[in-house]
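One file, data.pdb, carrying PDB, C-alpha atoms and all ligand atoms:
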ATOM      1  CA  MET A 223      52.848  94.069 127.563
ATOM      2  CA  ASN A 224      53.946  94.404 131.182
ATOM      3  CA  PRO A 225      55.640  97.667 132.138
ATOM      4  CA  SER A 226      58.793  95.771 133.046
ATOM      5  CA  VAL A 227      60.303  92.992 130.992
ATOM      6  CA  PRO A 228      60.650  89.978 133.335
ATOM      7  CA  SER A 229      63.772  89.999 135.428
ATOM      8  CA  GLN A 230      65.954  87.067 134.442
ATOM      9  CA  ALA A 231      69.533  86.639 135.490
ATOM     10  CA  ALA A 232      70.947  87.254 132.027
ATOM     11  CA  GLN A 233      68.517  89.920 130.951
ATOM     12  CA  ALA A 234      68.482  93.594 131.819
ATOM     13  CA  ILE A 235      65.344  95.061 133.384
ATOM     14  CA  LEU A 236      63.576  97.621 131.233
ATOM     15  CA  THR A 237      61.215 100.107 132.908
ATOM     16  CA  PRO A 238      59.185 103.011 131.511
ATOM     17  CA  ILE A 239      59.062 105.745 134.184
ATOM     18  CA  PRO A 240      56.073 108.078 133.686
ATOM     19  CA  ALA A 241      57.126 111.746 133.757
ATOM     20  CA  LEU A 242      55.670 115.193 133.051
ATOM     21  CA  SER A 243      52.233 114.926 131.418
ATOM     22  CA  ASP A 244      52.715 112.028 128.986
ATOM     23  CA  ASN A 245      56.457 111.293 128.755
ATOM     24  CA  TYR A 246      58.297 108.080 129.573
ATOM     25  CA  ILE A 247      61.844 108.089 130.862
ATOM     26  CA  TRP A 248      63.240 104.620 130.068
ATOM     27  CA  MET A 249      65.492 102.919 132.616
ATOM     28  CA  VAL A 250      67.713  99.919 131.856
ATOM     29  CA  GLN A 251      69.280  98.189 134.824
ATOM     30  CA  LYS A 252      71.460  95.153 135.358
ATOM     31  CA  ASN A 253      73.799  94.041 138.177
ATOM     32  CA  GLY A 254      73.007  97.195 140.157
ATOM     33  CA  HIS A 255      73.978  99.567 137.335
ATOM     34  CA  ALA A 256      71.481 101.694 135.438
ATOM     35  CA  LEU A 257      71.052 104.097 132.579
ATOM     36  CA  VAL A 258      68.114 106.351 131.790
ATOM     37  CA  VAL A 259      66.992 107.768 128.460
ATOM     38  CA  ASP A 260      65.567 111.299 128.069
ATOM     39  CA  PRO A 261      64.968 112.393 131.676
ATOM     40  CA  GLY A 262      62.593 115.323 131.167
ATOM     41  CA  GLU A 263      62.569 115.674 134.950
ATOM     42  CA  SER A 264      64.800 114.236 137.672
ATOM     43  CA  GLY A 265      62.353 113.484 140.512
ATOM     44  CA  PRO A 266      60.797 110.232 139.229
ATOM     45  CA  VAL A 267      64.277 108.861 138.415
ATOM     46  CA  GLU A 268      65.685 109.825 141.820
ATOM     47  CA  ASP A 269      62.764 108.029 143.491
ATOM     48  CA  LEU A 270      63.750 104.781 141.741
ATOM     49  CA  LEU A 271      67.455 105.228 142.476
ATOM     50  CA  ARG A 272      66.837 105.471 146.232
ATOM     51  CA  ASN A 273      67.876 102.027 147.574
ATOM     52  CA  GLY A 274      68.169 100.988 143.935
ATOM     53  CA  PRO A 275      70.775 100.811 141.189
ATOM     54  CA  THR A 276      73.606 103.272 140.587
ATOM     55  CA  LEU A 277      72.962 105.619 137.698
ATOM     56  CA  GLU A 278      75.958 105.432 135.377
ATOM     57  CA  ALA A 279      74.709 106.998 132.154
ATOM     58  CA  ILE A 280      72.114 109.483 130.888
ATOM     59  CA  LEU A 281      71.270 109.002 127.194
ATOM     60  CA  ILE A 282      69.592 111.819 125.257
ATOM     61  CA  THR A 283      67.870 111.448 121.877
ATOM     62  CA  HIS A 284      67.220 115.120 121.056
ATOM     63  CA  HIS A 285      67.258 118.600 122.550
ATOM     64  CA  HIS A 286      63.586 119.248 123.423
ATOM     65  CA  GLY A 287      62.925 120.358 126.999
ATOM     66  CA  ASP A 288      60.652 117.433 127.874
ATOM     67  CA  HIS A 289      63.654 115.130 127.168
ATOM     68  CA  VAL A 290      66.502 117.086 128.801
ATOM     69  CA  GLY A 291      64.814 119.020 131.660
ATOM     70  CA  GLY A 292      66.185 116.714 134.369
ATOM     71  CA  VAL A 293      69.689 116.193 132.986
ATOM     72  CA  ARG A 294      71.612 118.765 135.047
ATOM     73  CA  ALA A 295      70.016 117.795 138.375
ATOM     74  CA  LEU A 296      70.544 114.065 137.766
ATOM     75  CA  GLN A 297      74.108 114.585 136.574
ATOM     76  CA  GLN A 298      74.926 116.678 139.662
ATOM     77  CA  ARG A 299      73.330 114.232 142.101
ATOM     78  CA  THR A 300      74.744 111.011 140.614
ATOM     79  CA  GLY A 301      77.829 111.916 138.588
ATOM     80  CA  ALA A 302      76.429 109.921 135.664
ATOM     81  CA  ARG A 303      77.934 110.587 132.233
ATOM     82  CA  VAL A 304      75.692 112.417 129.786
ATOM     83  CA  TYR A 305      75.546 111.116 126.190
ATOM     84  CA  GLY A 306      73.699 112.873 123.384
ATOM     85  CA  PRO A 307      73.549 113.898 119.750
ATOM     86  CA  ARG A 308      76.678 115.524 118.308
ATOM     87  CA  HIS A 309      74.695 118.061 116.289
ATOM     88  CA  GLU A 310      72.381 119.402 118.999
ATOM     89  CA  ASN A 311      72.808 121.578 122.079
ATOM     90  CA  ILE A 312      72.384 119.266 125.102
ATOM     91  CA  PRO A 313      72.857 120.462 128.726
ATOM     92  CA  ALA A 314      75.878 119.031 130.601
ATOM     93  CA  LEU A 315      76.859 116.851 127.625
ATOM     94  CA  ASP A 316      79.956 114.705 128.258
ATOM     95  CA  VAL A 317      80.016 112.495 125.148
ATOM     96  CA  ALA A 318      78.805 113.653 121.708
ATOM     97  CA  LEU A 319      77.487 110.840 119.494
ATOM     98  CA  SER A 320      76.448 110.129 115.923
ATOM     99  CA  GLU A 321      75.754 107.023 113.855
ATOM    100  CA  GLY A 322      78.393 104.329 114.253
ATOM    101  CA  ASP A 323      79.243 105.306 117.841
ATOM    102  CA  THR A 324      78.480 102.991 120.764
ATOM    103  CA  VAL A 325      77.639 103.438 124.452
ATOM    104  CA  ASP A 326      78.683 100.800 127.009
ATOM    105  CA  LEU A 327      76.957 100.549 130.380
ATOM    106  CA  PRO A 328      79.760  99.774 132.866
ATOM    107  CA  GLY A 329      79.507  96.551 134.839
ATOM    108  CA  THR A 330      76.774  95.047 132.656
ATOM    109  CA  GLY A 331      78.228  94.080 129.278
ATOM    110  CA  LEU A 332      75.404  96.047 127.665
ATOM    111  CA  ARG A 333      76.260  98.019 124.538
ATOM    112  CA  PHE A 334      74.028 100.348 122.541
ATOM    113  CA  HIS A 335      74.599 101.450 118.949
ATOM    114  CA  VAL A 336      73.788 104.969 117.818
ATOM    115  CA  LEU A 337      71.595 105.600 114.773
ATOM    116  CA  ASP A 338      71.064 108.994 113.120
ATOM    117  CA  ILE A 339      67.314 109.496 112.695
ATOM    118  CA  PRO A 340      66.723 113.147 111.690
ATOM    119  CA  GLY A 341      63.273 114.560 110.967
ATOM    120  CA  HIS A 342      61.585 115.487 114.266
ATOM    121  CA  THR A 343      64.761 117.456 115.026
ATOM    122  CA  ALA A 344      67.803 117.844 112.775
ATOM    123  CA  GLY A 345      70.221 115.907 114.995
ATOM    124  CA  HIS A 346      67.885 113.307 116.566
ATOM    125  CA  ILE A 347      69.574 109.985 117.381
ATOM    126  CA  ALA A 348      68.374 106.567 118.592
ATOM    127  CA  TYR A 349      70.103 103.926 120.718
ATOM    128  CA  ALA A 350      69.694 100.237 119.826
ATOM    129  CA  GLY A 351      71.132  97.222 121.600
ATOM    130  CA  LEU A 352      70.671  93.796 123.134
ATOM    131  CA  LEU A 353      69.131  93.545 126.607
ATOM    132  CA  GLY A 354      70.119  89.873 126.869
ATOM    133  CA  LEU A 355      68.647  86.494 125.876
ATOM    134  CA  GLY A 356      68.590  87.661 122.272
ATOM    135  CA  ARG A 357      66.071  90.430 122.976
ATOM    136  CA  SER A 358      66.927  93.897 121.717
ATOM    137  CA  ALA A 359      65.449  97.324 122.321
ATOM    138  CA  VAL A 360      65.561 100.670 120.572
ATOM    139  CA  PHE A 361      65.181 104.019 122.310
ATOM    140  CA  CYS A 362      63.793 106.218 119.572
ATOM    141  CA  GLY A 363      62.681 109.387 121.391
ATOM    142  CA  ASP A 364      60.092 111.333 119.397
ATOM    143  CA  THR A 365      60.712 109.711 115.986
ATOM    144  CA  LEU A 366      58.755 106.425 115.945
ATOM    145  CA  PHE A 367      55.720 106.317 118.246
ATOM    146  CA  ALA A 368      53.251 103.486 118.800
ATOM    147  CA  ALA A 369      51.013 103.721 115.694
ATOM    148  CA  GLY A 370      52.446 107.154 114.909
ATOM    149  CA  CYS A 371      55.536 109.306 114.481
ATOM    150  CA  GLY A 372      56.874 112.648 115.678
ATOM    151  CA  ARG A 373      56.049 115.970 114.078
ATOM    152  CA  LEU A 374      58.510 117.447 111.601
ATOM    153  CA  PHE A 375      59.927 120.436 113.478
ATOM    154  CA  GLU A 376      63.370 120.578 111.852
ATOM    155  CA  GLY A 377      63.412 118.040 109.029
ATOM    156  CA  THR A 378      61.794 117.138 105.720
ATOM    157  CA  PRO A 379      59.314 114.340 105.011
ATOM    158  CA  ALA A 380      62.014 112.500 103.030
ATOM    159  CA  GLN A 381      64.418 112.625 106.006
ATOM    160  CA  MET A 382      61.770 111.396 108.431
ATOM    161  CA  LEU A 383      60.706 108.590 106.115
ATOM    162  CA  ASP A 384      64.345 107.459 105.783
ATOM    163  CA  SER A 385      64.686 107.515 109.567
ATOM    164  CA  LEU A 386      61.494 105.499 110.087
ATOM    165  CA  ASP A 387      62.562 103.003 107.415
ATOM    166  CA  LYS A 388      65.890 102.597 109.223
ATOM    167  CA  LEU A 389      64.071 101.770 112.468
ATOM    168  CA  ALA A 390      61.679  99.430 110.638
ATOM    169  CA  ARG A 391      64.660  97.360 109.423
ATOM    170  CA  LEU A 392      65.673  96.469 113.001
ATOM    171  CA  PRO A 393      64.925  92.850 114.015
ATOM    172  CA  PRO A 394      61.119  92.329 114.196
ATOM    173  CA  ASP A 395      61.065  91.488 117.916
ATOM    174  CA  THR A 396      63.031  94.616 118.884
ATOM    175  CA  LEU A 397      61.256  96.419 121.731
ATOM    176  CA  VAL A 398      60.233  99.926 120.664
ATOM    177  CA  CYS A 399      60.808 102.323 123.568
ATOM    178  CA  CYS A 400      59.486 105.719 122.569
ATOM    179  CA  ALA A 401      59.178 108.778 124.747
ATOM    180  CA  HIS A 402      55.437 109.517 124.868
ATOM    181  CA  GLU A 403      52.166 107.773 125.711
ATOM    182  CA  TYR A 404      50.321 108.851 122.551
ATOM    183  CA  THR A 405      49.163 105.363 121.602
ATOM    184  CA  GLU A 406      45.389 105.611 121.958
ATOM    185  CA  SER A 407      45.008 108.857 119.991
ATOM    186  CA  ASN A 408      47.464 107.578 117.371
ATOM    187  CA  ILE A 409      45.396 104.400 116.977
ATOM    188  CA  ARG A 410      42.174 106.428 116.627
ATOM    189  CA  TRP A 411      43.780 108.232 113.698
ATOM    190  CA  ALA A 412      45.358 105.088 112.208
ATOM    191  CA  LEU A 413      41.907 103.479 112.138
ATOM    192  CA  GLN A 414      40.743 106.349 109.917
ATOM    193  CA  VAL A 415      43.547 105.455 107.496
ATOM    194  CA  GLU A 416      43.100 101.655 107.682
ATOM    195  CA  PRO A 417      39.651 100.861 109.110
ATOM    196  CA  GLY A 418      39.888  97.253 107.911
ATOM    197  CA  ASN A 419      43.261  96.415 109.499
ATOM    198  CA  ALA A 420      42.470  93.576 111.957
ATOM    199  CA  ALA A 421      45.829  93.865 113.757
ATOM    200  CA  LEU A 422      45.108  97.546 114.334
ATOM    201  CA  GLN A 423      41.612  96.817 115.647
ATOM    202  CA  ALA A 424      43.097  94.292 118.081
ATOM    203  CA  ARG A 425      45.719  96.808 119.111
ATOM    204  CA  ALA A 426      43.018  99.382 119.890
ATOM    205  CA  HIS A 427      41.433  96.930 122.353
ATOM    206  CA  ASP A 428      44.795  96.058 123.938
ATOM    207  CA  ALA A 429      45.715  99.735 124.384
ATOM    208  CA  ALA A 430      42.318 100.626 125.884
ATOM    209  CA  ARG A 431      42.573  97.745 128.362
ATOM    210  CA  LEU A 432      46.097  98.746 129.465
ATOM    211  CA  ARG A 433      45.221 102.425 129.845
ATOM    212  CA  ALA A 434      42.068 101.575 131.818
ATOM    213  CA  GLN A 435      44.406  99.840 134.302
ATOM    214  CA  GLY A 436      46.762 102.828 134.340
ATOM    215  CA  LEU A 437      49.493 100.810 132.591
ATOM    216  CA  PRO A 438      51.819 101.924 129.772
ATOM    217  CA  THR A 439      51.053 100.671 126.262
ATOM    218  CA  LEU A 440      54.816 100.437 125.716
ATOM    219  CA  PRO A 441      57.181  98.949 124.808
ATOM    220  CA  SER A 442      55.845  98.031 121.411
ATOM    221  CA  THR A 443      57.741  95.911 118.876
ATOM    222  CA  ILE A 444      59.022  96.639 115.392
ATOM    223  CA  SER A 445      56.811  93.858 114.005
ATOM    224  CA  LEU A 446      53.663  95.328 115.596
ATOM    225  CA  GLU A 447      54.544  98.770 114.208
ATOM    226  CA  ARG A 448      55.078  97.296 110.750
ATOM    227  CA  GLU A 449      51.590  95.728 110.959
ATOM    228  CA  THR A 450      49.723  98.719 112.404
ATOM    229  CA  ASN A 451      51.624 102.004 112.005
ATOM    230  CA  PRO A 452      50.545 103.861 108.821
ATOM    231  CA  PHE A 453      53.867 105.750 108.706
ATOM    232  CA  LEU A 454      55.728 102.436 108.206
ATOM    233  CA  ARG A 455      53.251 101.312 105.537
ATOM    234  CA  THR A 456      53.539 104.090 102.936
ATOM    235  CA  GLY A 457      54.401 101.589 100.197
ATOM    236  CA  LEU A 458      51.039  99.771 100.444
ATOM    237  CA  ALA A 459      48.393 100.484  97.822
ATOM    238  CA  GLY A 460      45.604 100.799 100.412
ATOM    239  CA  ILE A 461      47.514 103.394 102.439
ATOM    240  CA  ARG A 462      48.431 105.328  99.320
ATOM    241  CA  ALA A 463      44.797 105.384  98.212
ATOM    242  CA  ALA A 464      43.523 106.523 101.623
ATOM    243  CA  ALA A 465      46.122 109.285 101.846
ATOM    244  CA  GLY A 466      45.345 110.384  98.306
ATOM    245  CA  ARG A 467      41.616 110.531  99.017
ATOM    246  CA  HIS A 468      42.226 112.612 102.121
ATOM    247  CA  ALA A 469      44.684 114.966 100.386
ATOM    248  CA  GLN A 470      42.484 115.071  97.274
ATOM    249  CA  ALA A 471      45.618 114.675  95.145
ATOM    250  CA  PRO A 472      47.325 111.789  93.372
ATOM    251  CA  LEU A 473      50.329 110.570  95.390
ATOM    252  CA  ASP A 474      53.071 108.845  93.427
ATOM    253  CA  THR A 475      56.005 108.317  95.782
ATOM    254  CA  PRO A 476      56.313 107.004  99.350
ATOM    255  CA  GLN A 477      57.614 110.477 100.304
ATOM    256  CA  GLN A 478      54.411 112.075  98.996
ATOM    257  CA  VAL A 479      52.311 109.474 100.800
ATOM    258  CA  PHE A 480      54.256 110.081 104.010
ATOM    259  CA  ALA A 481      53.874 113.875 103.741
ATOM    260  CA  ALA A 482      50.114 113.532 103.169
ATOM    261  CA  LEU A 483      49.769 111.166 106.165
ATOM    262  CA  ARG A 484      51.765 113.511 108.393
ATOM    263  CA  GLN A 485      49.538 116.469 107.369
ATOM    264  CA  TRP A 486      46.414 114.350 107.959
ATOM    265  CA  LYS A 487      47.653 113.454 111.437
ATOM    266  CA  ASN A 488      48.560 117.098 112.205
ATOM    267  CA  ASP A 489      44.951 118.102 111.471
ATOM    268  CA  PHE A 490      43.331 115.132 113.282
ATOM    269  CA  ARG A 491      41.517 115.755 116.576
TER
HETATM  270 ZN    ZN B 501      60.586 116.200 120.822
HETATM  271 FE    FE B 502      58.876 114.883 123.376
END

Please express what this file holds, its structure, as structure tokens.
Amino acid sequence: MNPSVPSQAAQAILTPIPALSDNYIWMVQKNGHALVVDPGESGPVEDLLRNGPTLEAILITHHHGDHVGGVRALQQRTGARVYGPRHENIPALDVALSEGDTVDLPGTGLRFHVLDIPGHTAGHIAYAGLLGLGRSAVFCGDTLFAAGCGRLFEGTPAQMLDSLDKLARLPPDTLVCCAHEYTESNIRWALQVEPGNAALQARAHDAARLRAQGLPTLPSTISLERETNPFLRTGLAGIRAAAGRHAQAPLDTPQQVFAALRQWKNDFR
């Protein structure tokens, strides 16, 4: 997919801004107003704001440094409001959020709904909303990745599986805007789990082609993740069998399958 969703009058422009070593800072802009999600550094955002839109809001998904490192500088230089998870310590936070809360981007009519998605960190949240023309996007930080998911630093496998299931229930064409370019290595691992998955094989070719051109592999979609991401497929017999073979243990529940997949991925090089 192109790095920017086509600019149409009624649709917001969505841009992944490469930052740090492999992060993306997502920008949404419409009518000259913009928000960014998880600015791990301020420089790449400031470059885009020069002669560009006015930054109104900074949305944070979780407290890790590669997601909040640029918050103070951006807030000081633009006066943008800082939104973030209620249960985590976020620099310069103005508005504390949890599931059921909403964020409006002034001057655009855009509204994003907050979802609690603990697991990677204890208070991790996501932001989901319509960009226009019926197309929606979710900013899911380090929880759902393209063909993968975040490591469990502060949560349990059961929590993370619930969070991933919640994201998987979003409309199938929802654009998945995650915070890292981990796609190719995630696909290499996913092909170990499901070597016969044709959609995954096709995705490997697509990702290699995009990366060879220096382009992001994101955004993905919920439907593509449901077809190719092992962590969203723990209920399938083939995934359960592969995870059980690797763990050399019988796996009865989706939680056990998820935990075995996560361990497999942790050990994969
Ligand atoms: Zn993180
Ligand atoms: Fe991260």

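When the PyMOL selection byres (((chain A and resi 431-436) around 12) and not hetatm) is run on the displayed coordinates, the residues it returns are Met223, Asn224, Pro225, Pro240, Glu403, Tyr404, Thr405, Glu406, Ser407, Ala424, Arg425, Ala426, His427, Asp428, Ala429, Ala430, Leu437, Pro438, Thr439 and Leu440 of chain A.
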
task = Enumerate residues in contact with ligand FE 502 (chain B): an atom-to-atom distance of at most 10 Å, counting only C-alpha atoms and all ligand atoms. Format the result as a list in words.
result =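 Residues satisfying the distance criterion: Asp244, Asn245, Tyr246, Asp260, Gly262, Thr283, His284, His285, His286, Gly287, Asp288, His289, Val290, His342, Gly363, Asp364, Thr365, Gly372, Arg373, Cys400, Ala401 and His402 of chain A.
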
Mind writing the picked residues with C-alpha atoms as a PDB file, keeping the file's coordinate frame?
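Dumped everything to result_11.pdb:
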ATOM      1  CA  ASP A 244      52.715 112.028 128.986  1.00  0.00           C
ATOM      2  CA  ASN A 245      56.457 111.293 128.755  1.00  0.00           C
ATOM      3  CA  TYR A 246      58.297 108.080 129.573  1.00  0.00           C
ATOM      4  CA  ASP A 260      65.567 111.299 128.069  1.00  0.00           C
ATOM      5  CA  GLY A 262      62.593 115.323 131.167  1.00  0.00           C
ATOM      6  CA  THR A 283      67.870 111.448 121.877  1.00  0.00           C
ATOM      7  CA  HIS A 284      67.220 115.120 121.056  1.00  0.00           C
ATOM      8  CA  HIS A 285      67.258 118.600 122.550  1.00  0.00           C
ATOM      9  CA  HIS A 286      63.586 119.248 123.423  1.00  0.00           C
ATOM     10  CA  GLY A 287      62.925 120.358 126.999  1.00  0.00           C
ATOM     11  CA  ASP A 288      60.652 117.433 127.874  1.00  0.00           C
ATOM     12  CA  HIS A 289      63.654 115.130 127.168  1.00  0.00           C
ATOM     13  CA  VAL A 290      66.502 117.086 128.801  1.00  0.00           C
ATOM     14  CA  HIS A 342      61.585 115.487 114.266  1.00  0.00           C
ATOM     15  CA  GLY A 363      62.681 109.387 121.391  1.00  0.00           C
ATOM     16  CA  ASP A 364      60.092 111.333 119.397  1.00  0.00           C
ATOM     17  CA  THR A 365      60.712 109.711 115.986  1.00  0.00           C
ATOM     18  CA  GLY A 372      56.874 112.648 115.678  1.00  0.00           C
ATOM     19  CA  ARG A 373      56.049 115.970 114.078  1.00  0.00           C
ATOM     20  CA  CYS A 400      59.486 105.719 122.569  1.00  0.00           C
ATOM     21  CA  ALA A 401      59.178 108.778 124.747  1.00  0.00           C
ATOM     22  CA  HIS A 402      55.437 109.517 124.868  1.00  0.00           C
TER      23      HIS A 402
END

Check which residues satisfy the PyMOL selection byres (((chain A and resi 248-250) around 10) and not hetatm) in the file shown, then give them as an mmCIF file with C-alpha atoms, keeping the file's coordinate frame.
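Generated output (selection.cif):
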data_model
loop_
_atom_site.group_PDB
_atom_site.id
_atom_site.type_symbol
_atom_site.label_atom_id
_atom_site.label_comp_id
_atom_site.auth_asym_id
_atom_site.auth_seq_id
_atom_site.Cartn_x
_atom_site.Cartn_y
_atom_site.Cartn_z
ATOM 1 C CA SER A 226 58.793 95.771 133.046
ATOM 2 C CA ALA A 234 68.482 93.594 131.819
ATOM 3 C CA ILE A 235 65.344 95.061 133.384
ATOM 4 C CA LEU A 236 63.576 97.621 131.233
ATOM 5 C CA THR A 237 61.215 100.107 132.908
ATOM 6 C CA PRO A 238 59.185 103.011 131.511
ATOM 7 C CA ILE A 239 59.062 105.745 134.184
ATOM 8 C CA PRO A 240 56.073 108.078 133.686
ATOM 9 C CA ASN A 245 56.457 111.293 128.755
ATOM 10 C CA TYR A 246 58.297 108.080 129.573
ATOM 11 C CA ILE A 247 61.844 108.089 130.862
ATOM 12 C CA GLN A 251 69.280 98.189 134.824
ATOM 13 C CA LYS A 252 71.460 95.153 135.358
ATOM 14 C CA HIS A 255 73.978 99.567 137.335
ATOM 15 C CA ALA A 256 71.481 101.694 135.438
ATOM 16 C CA LEU A 257 71.052 104.097 132.579
ATOM 17 C CA VAL A 258 68.114 106.351 131.790
ATOM 18 C CA VAL A 259 66.992 107.768 128.460
ATOM 19 C CA ASP A 260 65.567 111.299 128.069
ATOM 20 C CA PRO A 261 64.968 112.393 131.676
ATOM 21 C CA VAL A 267 64.277 108.861 138.415
ATOM 22 C CA LEU A 270 63.750 104.781 141.741
ATOM 23 C CA PRO A 275 70.775 100.811 141.189
ATOM 24 C CA LEU A 277 72.962 105.619 137.698
ATOM 25 C CA ALA A 279 74.709 106.998 132.154
ATOM 26 C CA ILE A 280 72.114 109.483 130.888
ATOM 27 C CA LEU A 281 71.270 109.002 127.194
ATOM 28 C CA LEU A 327 76.957 100.549 130.380
ATOM 29 C CA LEU A 332 75.404 96.047 127.665
ATOM 30 C CA LEU A 353 69.131 93.545 126.607
ATOM 31 C CA PHE A 361 65.181 104.019 122.310
ATOM 32 C CA GLY A 363 62.681 109.387 121.391
ATOM 33 C CA CYS A 399 60.808 102.323 123.568
ATOM 34 C CA CYS A 400 59.486 105.719 122.569
ATOM 35 C CA ALA A 401 59.178 108.778 124.747
ATOM 36 C CA PRO A 441 57.181 98.949 124.808
#

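In terms of minimum interatomic distance to ligand ZN 501 (chain B), A:His346 ranks closest within A:Arg272, A:Arg294, A:His346, A:Arg333, counting only C-alpha atoms and all ligand atoms.
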
message = When you count all atoms listed in the file, which of these residues is closest to Leu315 of chain A: A:Val336, A:Ala481, A:Ile282, A:Ala295?
response = A:Ile282

message = Since I can't run it myself right now, could you work out what the PyMOL selection byres (((chain A and resi 396) around 9) and not hetatm) selects here and report it as an MDAnalysis selection string?
response = chainID A and resid 350:352 357:360 392:395 397:398 442:445

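Nearest to ligand ZN 501 (chain B) of all the residues A:Gly265, A:Gly329, A:Gly274, A:Gly341 is A:Gly341, based on all atoms listed in the file.
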
task = Find the residue from A:Gly306, A:Leu473, A:Gln233, A:Glu376 that sits nearest to ligand ZN 501 (chain B); use all atoms listed in the file when measuring.
result =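 Between A:Gly306, A:Leu473, A:Gln233, A:Glu376, the residue approaching ligand ZN 501 (chain B) most closely is A:Glu376.
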
ask   = Quick one, how far is atom CA of Val479 of chain A from atom CA of Thr456 of chain A?
value =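 Result for atom CA of Val479 of chain A versus atom CA of Thr456 of chain A: 5.9 Å, one decimal.
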
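Taking atom CA of Gly331 of chain A and atom CA of Arg303 of chain A as endpoints, the distance between them is 16.8 Å.
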
query = In terms of the shortest atom-to-atom distance over all atoms listed in the file, which of A:Glu278, A:Leu319, A:Phe375, A:Ser385 is closest to ligand ZN 501 (chain B)?
reply =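 Using all atoms listed in the file, the shortest distance to ligand ZN 501 (chain B) belongs to A:Phe375.
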
Kindly list the centre and edge lengths in Å, rounded to one decimal, for the axis-aligned box that covers all listed atoms of segment 357-372 of chain A plus 4 Å on each of its six sides, as AutoDock Vina command-line options.
--center_x 59.0 --center_y 101.5 --center_z 118.7 --size_x 23.9 --size_y 30.2 --size_z 16.5

query = By how many Å are atom CA of Trp411 of chain A and atom CA of Thr378 of chain A apart?
reply =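 Distance reported for this atom pair: 21.6 Å.
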